[in-house]
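Beneath this line is the structure, given in structure tokens, with notes to follow.
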Amino acid sequence: MKRKLTAGLKRNIVDLLVISAAVIGGTFLLRKADQAGAGKATPELPPSPHRITEAPAIRPRIIPGRMDNFKDAIVPKPIRSWDTKPRDGVTLRVSPDSASNQPSARVLLIPPTTAPVILEIQYTVDESVINMLSANDALKDRTDGVTVLVSTVGIAYNHFTLLKLDPLRITEQRKWLTHNLALPVGTTEVDFSIIGPPPDYNVFEDSCVISLPQLRIVSP
Amino acid sequence: MRLAGWLVLMMPALWLLTHPVPLAWLVPLAREQNVPAAMRLWPLLLSCLVPSLLAYRDWKWRRQVTFGWIALLFCSLQAYCFNSASHPITNPFVVWGFLPGTDGRHYLNGAVEIAEGIGIRSAFGARQMWPGFLALLHTWCHGDLKLMLSLLALMQAAIAVTTWELIRLMLGRVAAFIWLGCVALFYRSYVVGMFVTEQIGLPLGMLAAVTLLYAWRRQSMVFWLLGLLLLTCSLNARPGCYFVAALLVAATFWRFRHTAPAADGSRKFLGDLAWRRGMIAIAAVSFCIAANALSFRHLVNPPRMPSNFWLVLYGIAKGGTWLDSVRDEGRELFDFTKVSTVSEEELWYGFVSRVKQAAIKQIAANPRMLLHAAWRAWRQIITKQTFFVGEAAPGWGILLLLMSAIALGLAGSKRNTAIDDGGLYWLVWIGVFLSLPLAPPWDSGPRIYAATDPLIWLTPAAFCTWCAKRLSGRRSSRGRAELSIANDRQTECLELNARLRWNSTVGLLLVISSVLFPSVLLALNRNKTMPRYSDLMPLGTTSITVNEIPGSLIRRNRGIMVGPEKSRTFLPRLARDDFERGVPRGREFAIGEFMKELPDNSYIAVLGRPRYLICDRSAFQNEAAITRIPLQAADWMAYKYIFSLSSSVALTAKQVMILCPSSASHEIFWKPAVPLSGK
């Protein structure tokens, strides 16, 4: 009986050794063969096109261009807000009223940038809007700040930047804010769009004034 | 010499898994839509017939050649995934024929969490056996998904060979063909290329089926207990028809009863029953269940989610499917237009707990729905031949169902025409039919029967044996020598014992590897310092805090690389057209659309939790990932749970709008996509 048990145990140990050897050998062979096989399937790849080294950006005083809302041309108008000095700007607004709904604007650069350029963006929420929302708690509760997606479109690759502000709750933001956006070489346009970021996608009563001090509107 | 023979004959299978081959070689084995219906079945079945033909006479290299052939067959199905970047039946659980999707991703997450010493943070019920086994594989293969799938294919092939040999020895060549045909069809549809529980449920079920058949036939208590143990573990790994195990345990009392005459009537019947052996069987099964429960408590961190069985029960109570529970109770979880700030696990936990309460309430109020469900389930499995993968092989399914019905009928006939082991087949079918109301086929399809299907497949196989016996009986009466038959039987008996021992060792090793070893691995790695996938997104937080990914986590074959159009697809690299065809859909439709916009040579790696990392070639130097891959500012990403973007990935306007879908942004969203530098 004891001999039978010992023999059975021995056989099981041998089986385990065989299985272990098969797993180790199989893994080794698969690894080696996969390296060889992958070489046959994968052609030599070109270097990554995205390692672009650019010269330091310059800050021109004037950037010529046109502005539209993706359909019609728009002209910046003087807007006075938070201080006495009026600034030329456009108002982006999300509204159920189609006449005043203008969530997006675009600046077409003429000509496209030939060197890296800094574009100064001044932005704020109009004082009158803040006053109106502050006076109505129900409306105020439904808002959650404004987010503007700024995209640069060009021959190279696109940049995206978010401008976030909530002057209704953050009193320090009740002023004109500034963002310096670097435009890569070959930028043809800069797009501005109010978006509702996740998780709520809320754009209720969102509005934002955008002023580009360097922009000089040119005629078509 | 013999060992070298095994190795040489395994080489074609290994070569198929690791080298690109013309897809036309593999298409006949797949179930492609553009192939005629007959062609989707017969090439596979004919391939399964070859081992039986090889066994017509025993010859020196037969076993090695049989193993080589079956390995080639199983590896061809896996190679189809690698060469086509799709699945033989386009199963949604696998993305691009490679990366795990939905359930598979969930199990891989669990495996990674065990392997990294964290413990599973989210699991539906006690389903930790498969993630546990996968954790060992993940550690062994250093996270190389392709190697893991290849080893799983070889494991399935090896178990198919050992069980095929046992079936051949016990039931004959034709029965072995039926067995292999059923296994291969099931494997093609629900196992190959996927990180799902069927990967372990099926092999354990196969090992259990042959062991139980042997034990039933020889009345061997040791093997009967082993078979019950394997079957219980198989059902723990892939829950399904539990009543089969219960009936087989109960059958122990009768099958292993005393044959000596005793008192009359009911006292005689009760006295004859094998009480001690029956109790041992109950103890063995209880031990399995207890071990599984202990493993669950050790591997899965609290709070532990209830099983998704409650979703099924809710569907039954409503006379529908599990989706009813989603419609009624899971709106917030399945609102695909939003990403909730609450963690996905927390949402699921709340959802399943709510459904559990609602399901119990509904069933208690209307228990007749269980009868209705029983009728629905029985009708469906017969009309669709669910156990024989009827959808994939309609004619074959009908034939096997018919053969099973005749076999069961013959089991009850007179002694000289009765089918052998008819009692076992009846018990299996009764167990399955009793289980069906609570394990219905409409929620997850035939795959949930992976553990018990092998027992079902024995019935048509036994019918073939019965037919063969009838025919050979006539033939032997015409002159075959009795002595020669006796010699053959003796040789077969020795071979059978050797095979069964091997079978048992493999089965026990699988059980230990999925119940005991994962706990050891977890304990070993708990306090170990290492870069962890699990750290990339701690439970309950978003990717906002994750600014970079350690390059050491981007391992070989951890993801796919998008090649140019019309280039050669061989995973992990795939042609643009194959890539676009296979992008995630359904719940992840928007992500799929996002991915379609990626330029050539983009790399999509699967990380821990439901998250992909998307990077371009600048994240790699000398074929290895850079030390730390910086991520783009992710606080505005809608699909933060699903992917992270390397900062070198340039986005198109459409991609940005997919990330931030907003009614105010439609002007840009619907604008034609701006060409990218990478394209």
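Scheme for the structure tokens: letters A, B, ... for chains in order shown; per-chain residue numbers from 1; ligand numbers from 1 in order shown.
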
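For Phe204 in chain A, the list of residues within 8 Å, based on only C-alpha atoms and with local chain neighbours fewer than 2 positions off taken out, reads A:Val94, A:Ser95, A:Arg142, A:Thr143, A:Asn202, A:Asp206.
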
Next, write the just-selected residues to a file, as an mmCIF file, in the first residue's frame, keeping C-alpha atoms as the atom set.
```
data_model
loop_
_atom_site.group_PDB
_atom_site.id
_atom_site.type_symbol
_atom_site.label_atom_id
_atom_site.label_comp_id
_atom_site.auth_asym_id
_atom_site.auth_seq_id
_atom_site.Cartn_x
_atom_site.Cartn_y
_atom_site.Cartn_z
ATOM 1 C CA VAL A 94 -24.915 80.783 -25.195
ATOM 2 C CA SER A 95 -28.532 81.693 -25.394
ATOM 3 C CA ARG A 142 -27.751 76.991 -12.363
ATOM 4 C CA THR A 143 -24.436 78.424 -13.540
ATOM 5 C CA ASN A 202 -23.367 73.001 -18.389
ATOM 6 C CA ASP A 206 -22.488 81.305 -20.265
#
```

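For the residues B:Leu651, B:Ala176, B:Leu17, B:Leu424, ranking by smallest atom-to-atom distance to Thr161 in chain A using only C-alpha atoms places B:Leu651 first.
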
I want to know what sits within 10 Å of Ala293 in chain B, based on only C-alpha atoms, with residues of the same chain fewer than 4 positions away left out; could you give that as a PDB file with C-alpha atoms, in the first residue's frame?
```pdb
ATOM      1  CA  ALA B 126     -17.257  35.486  -5.904  1.00  0.00           C
ATOM      2  CA  ARG B 127     -15.739  35.440  -9.383  1.00  0.00           C
ATOM      3  CA  GLN B 128     -12.133  35.758  -8.310  1.00  0.00           C
ATOM      4  CA  ASN B 236     -17.180  28.588  -9.103  1.00  0.00           C
ATOM      5  CA  PHE B 287     -14.678  22.127   0.973  1.00  0.00           C
ATOM      6  CA  CYS B 288     -14.472  23.543  -2.572  1.00  0.00           C
ATOM      7  CA  ILE B 289     -17.169  26.084  -1.854  1.00  0.00           C
ATOM      8  CA  ARG B 297     -12.607  37.171   1.149  1.00  0.00           C
ATOM      9  CA  HIS B 298      -8.844  37.284   0.821  1.00  0.00           C
ATOM     10  CA  LEU B 299      -8.553  38.469  -2.765  1.00  0.00           C
ATOM     11  CA  VAL B 515      -7.557  29.251  -5.679  1.00  0.00           C
TER      12      VAL B 515
END
```

Apply DSSP to the backbone of this structure and, from range 2-179 of chain A, keep only the residues in strand (DSSP E or B); write these as a PDB file with N, CA and C atoms, in the first residue's frame.
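Below you can see part09.pdb, which holds the result:
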```
ATOM      1  N   ILE A  58       7.872  85.276 -30.868  1.00  0.00           N
ATOM      2  CA  ILE A  58       7.982  86.741 -30.819  1.00  0.00           C
ATOM      3  C   ILE A  58       6.597  87.311 -30.529  1.00  0.00           C
ATOM      4  N   ILE A  63      -1.223  91.996 -35.421  1.00  0.00           N
ATOM      5  CA  ILE A  63      -1.465  90.726 -36.120  1.00  0.00           C
ATOM      6  C   ILE A  63      -2.671  90.951 -37.029  1.00  0.00           C
ATOM      7  N   PRO A  64      -2.463  90.941 -38.330  1.00  0.00           N
ATOM      8  CA  PRO A  64      -3.605  91.181 -39.226  1.00  0.00           C
ATOM      9  C   PRO A  64      -4.499  89.947 -39.336  1.00  0.00           C
ATOM     10  N   GLY A  65      -5.789  90.165 -39.453  1.00  0.00           N
ATOM     11  CA  GLY A  65      -6.697  89.016 -39.582  1.00  0.00           C
ATOM     12  C   GLY A  65      -8.146  89.444 -39.724  1.00  0.00           C
ATOM     13  N   ARG A  66      -9.015  88.462 -39.857  1.00  0.00           N
ATOM     14  CA  ARG A  66     -10.468  88.720 -39.941  1.00  0.00           C
ATOM     15  C   ARG A  66     -11.155  87.916 -38.844  1.00  0.00           C
ATOM     16  N   MET A  67     -12.358  88.347 -38.529  1.00  0.00           N
ATOM     17  CA  MET A  67     -13.097  87.619 -37.482  1.00  0.00           C
ATOM     18  C   MET A  67     -14.459  87.215 -37.999  1.00  0.00           C
ATOM     19  N   ASP A  68     -14.878  86.025 -37.687  1.00  0.00           N
ATOM     20  CA  ASP A  68     -16.252  85.628 -38.030  1.00  0.00           C
ATOM     21  C   ASP A  68     -16.783  84.662 -36.972  1.00  0.00           C
ATOM     22  N   ALA A  73     -19.216  87.452 -40.928  1.00  0.00           N
ATOM     23  CA  ALA A  73     -18.113  88.246 -40.374  1.00  0.00           C
ATOM     24  C   ALA A  73     -18.589  89.009 -39.147  1.00  0.00           C
ATOM     25  N   LYS A  77     -16.298  95.295 -31.109  1.00  0.00           N
ATOM     26  CA  LYS A  77     -16.882  96.578 -30.719  1.00  0.00           C
ATOM     27  C   LYS A  77     -16.304  97.000 -29.376  1.00  0.00           C
ATOM     28  N   PRO A  78     -16.288  98.309 -29.121  1.00  0.00           N
ATOM     29  CA  PRO A  78     -15.764  98.740 -27.812  1.00  0.00           C
ATOM     30  C   PRO A  78     -16.676  98.261 -26.678  1.00  0.00           C
ATOM     31  N   ILE A  79     -16.076  97.643 -25.701  1.00  0.00           N
ATOM     32  CA  ILE A  79     -16.845  97.123 -24.567  1.00  0.00           C
ATOM     33  C   ILE A  79     -16.223  97.674 -23.286  1.00  0.00           C
ATOM     34  N   ARG A  87     -12.545  98.459 -24.373  1.00  0.00           N
ATOM     35  CA  ARG A  87     -11.642  97.621 -25.185  1.00  0.00           C
ATOM     36  C   ARG A  87     -12.450  97.024 -26.337  1.00  0.00           C
ATOM     37  N   ASP A  88     -11.773  96.897 -27.480  1.00  0.00           N
ATOM     38  CA  ASP A  88     -12.450  96.283 -28.633  1.00  0.00           C
ATOM     39  C   ASP A  88     -12.544  94.778 -28.393  1.00  0.00           C
ATOM     40  N   GLY A  89     -13.728  94.247 -28.485  1.00  0.00           N
ATOM     41  CA  GLY A  89     -13.877  92.812 -28.248  1.00  0.00           C
ATOM     42  C   GLY A  89     -15.170  92.255 -28.815  1.00  0.00           C
ATOM     43  N   VAL A  90     -15.279  90.939 -28.774  1.00  0.00           N
ATOM     44  CA  VAL A  90     -16.529  90.289 -29.204  1.00  0.00           C
ATOM     45  C   VAL A  90     -17.075  89.506 -28.009  1.00  0.00           C
ATOM     46  N   THR A  91     -18.390  89.405 -27.989  1.00  0.00           N
ATOM     47  CA  THR A  91     -19.018  88.675 -26.887  1.00  0.00           C
ATOM     48  C   THR A  91     -19.483  87.312 -27.385  1.00  0.00           C
ATOM     49  N   LEU A  92     -18.981  86.284 -26.715  1.00  0.00           N
ATOM     50  CA  LEU A  92     -19.491  84.931 -26.997  1.00  0.00           C
ATOM     51  C   LEU A  92     -20.596  84.660 -25.979  1.00  0.00           C
ATOM     52  N   ARG A  93     -21.688  84.101 -26.456  1.00  0.00           N
ATOM     53  CA  ARG A  93     -22.805  83.907 -25.543  1.00  0.00           C
ATOM     54  C   ARG A  93     -23.599  82.662 -25.948  1.00  0.00           C
ATOM     55  N   GLN A 102     -24.334  83.167 -29.780  1.00  0.00           N
ATOM     56  CA  GLN A 102     -23.096  83.174 -30.569  1.00  0.00           C
ATOM     57  C   GLN A 102     -22.006  82.543 -29.715  1.00  0.00           C
ATOM     58  N   SER A 104     -19.434  80.737 -30.574  1.00  0.00           N
ATOM     59  CA  SER A 104     -18.105  80.544 -31.156  1.00  0.00           C
ATOM     60  C   SER A 104     -17.699  81.740 -32.003  1.00  0.00           C
ATOM     61  N   ALA A 105     -16.407  81.931 -32.097  1.00  0.00           N
ATOM     62  CA  ALA A 105     -15.862  82.954 -32.998  1.00  0.00           C
ATOM     63  C   ALA A 105     -14.532  82.445 -33.520  1.00  0.00           C
ATOM     64  N   ARG A 106     -14.148  83.022 -34.639  1.00  0.00           N
ATOM     65  CA  ARG A 106     -12.905  82.532 -35.255  1.00  0.00           C
ATOM     66  C   ARG A 106     -12.096  83.727 -35.752  1.00  0.00           C
ATOM     67  N   VAL A 107     -10.801  83.653 -35.574  1.00  0.00           N
ATOM     68  CA  VAL A 107      -9.910  84.675 -36.126  1.00  0.00           C
ATOM     69  C   VAL A 107      -9.098  84.017 -37.228  1.00  0.00           C
ATOM     70  N   LEU A 108      -9.242  84.516 -38.435  1.00  0.00           N
ATOM     71  CA  LEU A 108      -8.471  83.986 -39.561  1.00  0.00           C
ATOM     72  C   LEU A 108      -7.244  84.862 -39.731  1.00  0.00           C
ATOM     73  N   LEU A 109      -6.082  84.290 -39.642  1.00  0.00           N
ATOM     74  CA  LEU A 109      -4.849  85.077 -39.709  1.00  0.00           C
ATOM     75  C   LEU A 109      -4.440  85.265 -41.159  1.00  0.00           C
ATOM     76  N   VAL A 117       4.502  82.888 -32.708  1.00  0.00           N
ATOM     77  CA  VAL A 117       4.000  84.226 -32.364  1.00  0.00           C
ATOM     78  C   VAL A 117       3.201  84.131 -31.061  1.00  0.00           C
ATOM     79  N   ILE A 118       3.295  85.172 -30.251  1.00  0.00           N
ATOM     80  CA  ILE A 118       2.481  85.227 -29.021  1.00  0.00           C
ATOM     81  C   ILE A 118       1.238  86.079 -29.304  1.00  0.00           C
ATOM     82  N   LEU A 119       0.093  85.499 -29.054  1.00  0.00           N
ATOM     83  CA  LEU A 119      -1.167  86.245 -29.215  1.00  0.00           C
ATOM     84  C   LEU A 119      -1.709  86.539 -27.813  1.00  0.00           C
ATOM     85  N   GLU A 120      -1.927  87.806 -27.529  1.00  0.00           N
ATOM     86  CA  GLU A 120      -2.448  88.159 -26.205  1.00  0.00           C
ATOM     87  C   GLU A 120      -3.972  88.107 -26.237  1.00  0.00           C
ATOM     88  N   ILE A 121      -4.517  87.341 -25.324  1.00  0.00           N
ATOM     89  CA  ILE A 121      -5.983  87.228 -25.250  1.00  0.00           C
ATOM     90  C   ILE A 121      -6.420  87.845 -23.920  1.00  0.00           C
ATOM     91  N   GLN A 122      -7.290  88.855 -24.021  1.00  0.00           N
ATOM     92  CA  GLN A 122      -7.875  89.432 -22.800  1.00  0.00           C
ATOM     93  C   GLN A 122      -9.321  88.953 -22.747  1.00  0.00           C
ATOM     94  N   TYR A 123      -9.745  88.528 -21.604  1.00  0.00           N
ATOM     95  CA  TYR A 123     -11.092  87.956 -21.532  1.00  0.00           C
ATOM     96  C   TYR A 123     -11.721  88.226 -20.176  1.00  0.00           C
ATOM     97  N   THR A 124     -13.020  88.290 -20.191  1.00  0.00           N
ATOM     98  CA  THR A 124     -13.761  88.509 -18.941  1.00  0.00           C
ATOM     99  C   THR A 124     -15.235  88.168 -19.165  1.00  0.00           C
ATOM    100  N   VAL A 146     -17.571  79.762 -16.632  1.00  0.00           N
ATOM    101  CA  VAL A 146     -17.497  79.745 -18.102  1.00  0.00           C
ATOM    102  C   VAL A 146     -16.176  79.094 -18.513  1.00  0.00           C
ATOM    103  N   THR A 147     -16.241  78.279 -19.536  1.00  0.00           N
ATOM    104  CA  THR A 147     -15.016  77.690 -20.096  1.00  0.00           C
ATOM    105  C   THR A 147     -14.976  77.991 -21.592  1.00  0.00           C
ATOM    106  N   VAL A 148     -13.880  78.595 -22.009  1.00  0.00           N
ATOM    107  CA  VAL A 148     -13.719  78.876 -23.446  1.00  0.00           C
ATOM    108  C   VAL A 148     -12.585  78.004 -23.970  1.00  0.00           C
ATOM    109  N   LEU A 149     -12.901  77.257 -25.004  1.00  0.00           N
ATOM    110  CA  LEU A 149     -11.884  76.423 -25.647  1.00  0.00           C
ATOM    111  C   LEU A 149     -11.230  77.255 -26.745  1.00  0.00           C
ATOM    112  N   VAL A 150      -9.925  77.436 -26.668  1.00  0.00           N
ATOM    113  CA  VAL A 150      -9.199  78.181 -27.691  1.00  0.00           C
ATOM    114  C   VAL A 150      -8.369  77.171 -28.482  1.00  0.00           C
ATOM    115  N   SER A 151      -8.618  77.108 -29.775  1.00  0.00           N
ATOM    116  CA  SER A 151      -7.906  76.140 -30.617  1.00  0.00           C
ATOM    117  C   SER A 151      -7.123  76.887 -31.680  1.00  0.00           C
ATOM    118  N   THR A 152      -5.899  76.472 -31.885  1.00  0.00           N
ATOM    119  CA  THR A 152      -5.148  77.037 -33.009  1.00  0.00           C
ATOM    120  C   THR A 152      -5.115  75.982 -34.103  1.00  0.00           C
ATOM    121  N   VAL A 153      -5.424  76.407 -35.288  1.00  0.00           N
ATOM    122  CA  VAL A 153      -5.492  75.473 -36.412  1.00  0.00           C
ATOM    123  C   VAL A 153      -4.418  75.868 -37.409  1.00  0.00           C
ATOM    124  N   GLY A 154      -3.659  74.882 -37.876  1.00  0.00           N
ATOM    125  CA  GLY A 154      -2.599  75.245 -38.814  1.00  0.00           C
ATOM    126  C   GLY A 154      -2.059  74.066 -39.570  1.00  0.00           C
ATOM    127  N   HIS A 159      -3.196  73.275 -31.315  1.00  0.00           N
ATOM    128  CA  HIS A 159      -3.064  73.481 -29.872  1.00  0.00           C
ATOM    129  C   HIS A 159      -4.436  73.759 -29.307  1.00  0.00           C
ATOM    130  N   PHE A 160      -4.647  73.323 -28.123  1.00  0.00           N
ATOM    131  CA  PHE A 160      -5.923  73.607 -27.464  1.00  0.00           C
ATOM    132  C   PHE A 160      -5.646  74.141 -26.074  1.00  0.00           C
ATOM    133  N   THR A 161      -6.349  75.176 -25.733  1.00  0.00           N
ATOM    134  CA  THR A 161      -6.191  75.773 -24.402  1.00  0.00           C
ATOM    135  C   THR A 161      -7.566  76.071 -23.845  1.00  0.00           C
ATOM    136  N   LEU A 162      -7.701  75.922 -22.576  1.00  0.00           N
ATOM    137  CA  LEU A 162      -8.978  76.259 -21.946  1.00  0.00           C
ATOM    138  C   LEU A 162      -8.822  77.525 -21.118  1.00  0.00           C
ATOM    139  N   LEU A 163      -9.719  78.451 -21.312  1.00  0.00           N
ATOM    140  CA  LEU A 163      -9.776  79.638 -20.461  1.00  0.00           C
ATOM    141  C   LEU A 163     -10.964  79.436 -19.529  1.00  0.00           C
ATOM    142  N   LYS A 164     -10.683  79.363 -18.252  1.00  0.00           N
ATOM    143  CA  LYS A 164     -11.763  79.105 -17.289  1.00  0.00           C
ATOM    144  C   LYS A 164     -11.919  80.316 -16.392  1.00  0.00           C
ATOM    145  N   LEU A 165     -13.141  80.723 -16.170  1.00  0.00           N
ATOM    146  CA  LEU A 165     -13.354  81.828 -15.232  1.00  0.00           C
ATOM    147  C   LEU A 165     -14.743  81.721 -14.609  1.00  0.00           C
ATOM    148  N   LEU A 177      -8.923  89.449 -17.605  1.00  0.00           N
ATOM    149  CA  LEU A 177      -7.822  88.499 -17.405  1.00  0.00           C
ATOM    150  C   LEU A 177      -7.033  88.389 -18.705  1.00  0.00           C
ATOM    151  N   THR A 178      -5.802  87.989 -18.597  1.00  0.00           N
ATOM    152  CA  THR A 178      -4.945  87.921 -19.791  1.00  0.00           C
ATOM    153  C   THR A 178      -4.326  86.529 -19.932  1.00  0.00           C
ATOM    154  N   HIS A 179      -4.321  86.067 -21.171  1.00  0.00           N
ATOM    155  CA  HIS A 179      -3.637  84.797 -21.456  1.00  0.00           C
ATOM    156  C   HIS A 179      -2.788  84.988 -22.709  1.00  0.00           C
TER     157      HIS A 179
END
```

**Asked** How many Å separate CA of Gly119 in chain B from CA of Met155 in chain B?
**Response**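 These atoms are spaced 25.8 Å apart.
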
**Message:** Neighbouring residues of range 94-108 of chain B were defined as those with any atom within 6 Å, considering only C-alpha atoms; residues of the same chain fewer than 3 positions away were excluded. Please report them as an NGL selection string.
**Reply:** :B and (81 or 85-87 or 111 or 131 or 194-196 or 582)

Mind writing the picked residues with C-alpha atoms as a compact mmCIF listing (two decimals), in the first residue's frame?
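Listing of out-v8.txt after writing:
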```txt
# COMPACT_ATOMS: atom_id res chain seq x y z
CA CYS B 81 -7.26 36.95 -34.14
CA ALA B 85 -7.32 42.00 -35.70
CA SER B 86 -10.79 40.62 -35.16
CA HIS B 87 -12.45 37.64 -33.54
CA ALA B 111 -5.86 40.17 -12.18
CA PRO B 131 -8.72 36.84 -12.19
CA MET B 194 -10.65 36.62 -24.66
CA PHE B 195 -9.79 37.23 -21.04
CA VAL B 196 -13.09 35.86 -19.77
CA GLY B 582 -12.53 47.21 -34.92
```

**Item:** Selection near Ser150 in chain B, 12 Å with only C-alpha atoms, sequence-local residues under 3 positions removed, as a ChimeraX atom specification
**Value:** /A:23,26-31,33-34 /B:13-18,71-72,74-82,98,137,141,144-147,153-157,192-195,557

**Item:** Selection near range 306-322 of chain B, 7 Å with only C-alpha atoms, sequence-local residues under 2 positions removed, as JSON, numbers by chain
**Value:** {"B": [124, 125, 304, 324, 325, 352, 353, 355, 356, 359, 362, 363, 369, 370, 373, 442, 443]}

**Request:** Pull the alpha helix (DSSP H) assignments for range 78-193 of chain A out of DSSP run on the backbone, and list those residues as a ChimeraX atom specification.
**Result:** /A:127-134,137-142

**Spatial neighbours of Arg276 in chain B, max dist 10 Å, only C-alpha atoms, sep filter under 3 positions, as an MDAnalysis selection string** = chainID B and resid 252:253 256:257 273 279:282
